[in-house]
Amino acid sequence: MTNLVGGEYVIEVLYIIAAALFILSLKWLSSPATARRGVFAGEAGMFLAIVGTLFYKGIVDYKWIAIALVLGTIIGVPLGRVAMTAVPQRTALSHAFGALCVTLVGTAEFYLRTPNITKFMMSVLSLEVILGGLTITGSLMAAGKLQEVLPQRPITYKGQNIVNFAVLGAAVVIAVLLVQNPGRTELYPFMVLIALIFGVMLIVPIGGADMPTVISLLNSYAGLSAAAMGFVLDSKLLIVAGALDGASGFILSVNMSKAMNRSFTNVLFGGFGQLQTSAAAHEARPVRSATPEEAAAILAAANKVVVVPGYGMAVAQAQHKVRELYDALSKRGVDVTFGIHPVAGRMPGHMNVLLAEADIPYDKLLDMDQVNGDMPQTDVALVIGANDVTNPAARTDQSSPIYGMPIIDVDKAHTAMVIKRSMAPGFAGIDNPLYYLDNNLMLFGDAKAFVGNIVKELSGNSGGH
Amino acid sequence: MKADLIPSLYVFILAAFIGFEVIRRVSPLLHTPLMSLTNALDAIAVVGAIILAGEGKSELAKILGTIAIVAATSNIVGGFIITDRMLKMFKASKAPKQ
C-alpha cells in the first residue's frame with residue numbers, strides 16, 4: 001500500500017506489537033490472578049508505541065513534546081493516587097481528557113487539510129470531534145456531579161429530549177455541510193461548540209444513581225471517537241485501541257442498563273435519569289426493629305450470611321467496619337459472602353474495589369445471580385446502604401417505577417436486616433415494601449457506628465467461648 | 001489515503017470482535033479496573049498528538065498537539081497507576097494457587 005522506508009517499517013512493527021500487547025492486556029484482565037500481568041502488558045505496549053513514534057522522521061522539534069510529556073506525567077501521577085471512593089469521578093475526568101486529546105487532534109487535522117478532504121474523511125473527522133466534544137463536557141459534568149461540586153439532583157424539563165435532539169441535529173447538519181464542502185472553515189467551530197453544549201445537556205437530567213450507566217456510555221463514546229481518529233490519521237494501532245475501548249464501554253453500558261431494566265436504546269438516547277419520583281404516600285406502617293445486641297445474636301447464630309452493600313456503605317465509610325464484622329463472623333465459623341448488585345456504587349465494579357480495599361478476599365464477592373440462587377438457604381441477609389436494589393416491588397408491583405429491575409432477593413432469606421438512618425425513602429423516592437415484611441428487621445443508625453456496635457458485641461461474647 | 005480505507009475498516013471490525021470476546025470474559029469483579037485500563041490504552045491517541053506537535057506544520061497544530069499530549073499522557077500515567085493499585089488489593093482468601 002503506502003511506500004514505507006527503513007525506519008518506518010520499524011515503527012509499524014512496534015505498533016503491531018503494541019496492538020497485540022493491548023489485546024493480551026485485556027485478556028489477562030479476565031481473572032484477578034493474571035490481571036496485574038495485564039497492566040504490565042499494556043504498559044509495555046504503550047512504551048513501545050511512544051518510543052517508536054518519537055523516532056518518526058517527520059518530527060523536527062522535540063521541545064514541546066518533551067514539555068508536554070513531563071507536564072502530563074505531573075498531572076497524571078496524582079490522578080493515579082486518588083482515594084478509591086473517588087475513582088468514579090477520576091474515571092469520568094480521564095474520559096474527558098481522552099476526548100480532549102482526540103478533539104484537539106481532529107481540529108488540528110481539519111485546519112491542516114482543509115479544503116482537500118475527501119467526503120469520507122470529513123465524515124469520520126466530524127464523527128470524531130462531535131463524539132469527542134460531547135464526551136469532554138459530558139464527562140466533566142459527570143465528574144462534577146460525582147465530586148458533588150455540581151448539584152446531583154437531576155434537572156429535567158418538559159420537552160428535554162426534543163431540545164437535546166434538536167441540538168445534536170444541528171451539529172449533524174453542520175457536519176453534512178462540511179462534508180459537502182470542507183472549505184467552509186467558518187462552520188467548523190460551530191460544530192465543535194454545539195457538540196460541547198450537547199454534552200452538558202446530555203448529563204443535566206442524570207441523577208447519582210444513574211452514574212454507572214452514564215460513565216460506561218461516555219467510556220464507549222471516548223473509545224469510538226479515538227477509533228474515528230485512527231481512521232483520520234490512518235493509524236491502525238489507534239483504531240484497535242479505540243475499538244477495544246468502545247467495545248468495553250458498550251458491554252458495560254449494556255450490563256448496566258440490563259441491571260436497571262432500561263432498554264439499551266433508552267440509554268443510548270439519553271432517556272435515562274427520568275425515573276418518575278412517585279411522591280409515595282407512605283402511611284405509617286409498623287416495622288420491626290432491632291438493637292445491635294439483638295442483631296449480633298442473630299448473626300452469631302447463623303450459618304450463612306450474605307451482606308448486600310450499596311453506595312450508602314461507601315458514603316458512611318463503613319467498609320472497614322464491615323471487614324471487622326466479616327472477620328468476627330468468619331472466626332465463629334459463619335459463612336459470610338457479599339452479594340453485589342451490578343449498579344451498586346457509582347460505576348461498574350466500584351463496590352468490589354471498595355471491599356477489596358478493605359481486605360475482603362475477592363472470592364467472597366459474589367454477583368447478584370450467584371447469591372440469589374442460595375438466598376432461600378441463607379440465614380441472614382444484611383443490607384448496608386442499599387435500597388432500591390433490594391426492593392421486592394421490582395418483582396411484584398407492576399405500578400412501581402422500578403418494576404422489572406433485577407434485584408437481590410434479600411426478602412427470601414430467613415431473616416433480612418437493613419441498616420438505615422431512618423424510614424425516609426431513598427434517593428429515587430420509592431417506598432421499599434421489604435421494610436414491612438415479617439422476616440425483616442430494621443437496624444436504625446449510621447452504618448459505620450451500627451456495624452461497629454455489632455462487632456463489639458460479637459467480640460465481647462467470644463471472650464466466654 | 002483512500003486505498004487505506006478498506007484495510008482500516010477490516011482492522012476496526014476485527015478489533016471490535018476481539019474486544020467483545022475478550023472483554024465479555026472479564027469478571028464483574030474487575031469492571032472498574034477494566035475501565036481504567038481501557039482508558040489508559042485509549043490514550044495511545046498520544047502518538048497522533050506527538051506527530052502533530054513534532055512536525056509543527058502550523059502554529060495551531062503545534063499548540064493543539066502539545067495540549068493533546070498533556071491530556072493523553074496524564075491518562076496513560078494516571079490510568080496505569082490506579083489500575084495497578086486497584087488490582088493489588090484483590091486478594092484470594094487462601095494462598096492463591098499458582
# chains A, B, ... in the order shown; residues from 1 in each chain; ligands from 1
call {"tool": "residues_around", "arguments": {"residues": "region 13-26 of chain B", "least_positions_apart": "6", "cutoff": "8 Å", "atoms": "only C-alpha atoms", "output": "list of chain:residue names"}}
result
A:Ile23, A:Leu26, A:Lys27, A:Leu29, A:Ser30, A:Ser31, A:Ile239, A:Val240, A:Ala243, A:Leu244, A:Asp245, A:Gly246, A:Ala247, A:Ser248, A:Ile251, B:Leu34
call {"tool": "residues_around", "arguments": {"residues": "Thr66 (chain B)", "least_positions_apart": "3", "cutoff": "6 Å", "atoms": "only C-alpha atoms", "output": "ChimeraX atom specification"}}
result
/A:68 /B:53,63,69
call {"tool": "residues_around", "arguments": {"residues": "region 64-66 of chain A", "least_positions_apart": "2", "cutoff": "9 Å", "atoms": "only C-alpha atoms", "output": "JSON, numbers by chain"}}
result
{"A": [61, 62, 68, 69, 70, 71], "B": [49, 50, 51, 53, 54, 62, 63, 65, 66, 69, 70]}
call {"tool": "residues_around", "arguments": {"residues": "Phe120 (chain A)", "least_positions_apart": "3", "cutoff": "12 Å", "atoms": "only C-alpha atoms", "output": "ChimeraX atom specification"}}
result
/A:116-117,123-127,175-176,178-182,228,231-232 /B:1-6
call {"tool": "residues_around", "arguments": {"residues": "region 390-398 of chain A", "least_positions_apart": "4", "cutoff": "6 Å", "atoms": "only C-alpha atoms", "output": "PDB file with C-alpha atoms, in the first residue's frame"}}
result
ATOM      1  CA  ILE A 402     -38.545   0.051  39.142  1.00  0.00           C
ATOM      2  CA  TYR A 403     -40.776  -2.878  38.165  1.00  0.00           C
ATOM      3  CA  GLY A 404     -38.757  -5.455  36.224  1.00  0.00           C
ATOM      4  CA  MET A 405     -35.377  -4.363  37.541  1.00  0.00           C
ATOM      5  CA  ILE A 407     -32.856  -7.228  42.464  1.00  0.00           C
ATOM      6  CA  ILE A 408     -31.038  -9.138  45.156  1.00  0.00           C
ATOM      7  CA  ASN A 432     -39.489  -0.244  49.863  1.00  0.00           C
TER       8      ASN A 432
END
call {"tool": "residues_around", "arguments": {"residues": "Gly7 (chain A)", "least_positions_apart": "5", "cutoff": "8 Å", "atoms": "only C-alpha atoms", "output": "ChimeraX atom specification"}}
result
/A:55-57
call {"tool": "atom_distance", "arguments": {"atom1": "CA of Glu55 (chain B)", "atom2": "CA of Ala68 (chain B)"}}
result
14.3 Å
call {"tool": "atom_distance", "arguments": {"atom1": "CA of Ala166 (chain A)", "atom2": "CA of Lys145 (chain A)"}}
result
24.7 Å
call {"tool": "residues_around", "arguments": {"residues": "Gly78 (chain B)", "least_positions_apart": "4", "cutoff": "7 Å", "atoms": "only C-alpha atoms", "output": "count of residues only"}}
result
6
call {"tool": "closest_residue", "arguments": {"among": "A:Ala316, A:Ile17, A:Ala96, A:Ala35", "to": "Leu87 (chain B)", "atoms": "only C-alpha atoms"}}
result
A:Ala35
call {"tool": "closest_residue", "arguments": {"among": "A:Lys456, A:Ser235, A:Pro348, A:Val315", "to": "Ser36 (chain B)", "atoms": "only C-alpha atoms"}}
result
A:Pro348
call {"tool": "closest_residue", "arguments": {"among": "B:Ala45, B:Val11, B:Ala40, B:Leu29", "to": "Ile81 (chain B)", "atoms": "only C-alpha atoms"}}
result
B:Ala40
call {"tool": "select_by_dssp", "arguments": {"residues": "region 82-313 of chain A", "states": "strand (DSSP E)", "output": "ChimeraX atom specification"}}
result
/A:304-309
call {"tool": "atom_distance", "arguments": {"atom1": "CA of Ala447 (chain A)", "atom2": "CA of Ala328 (chain A)"}}
result
16.9 Å
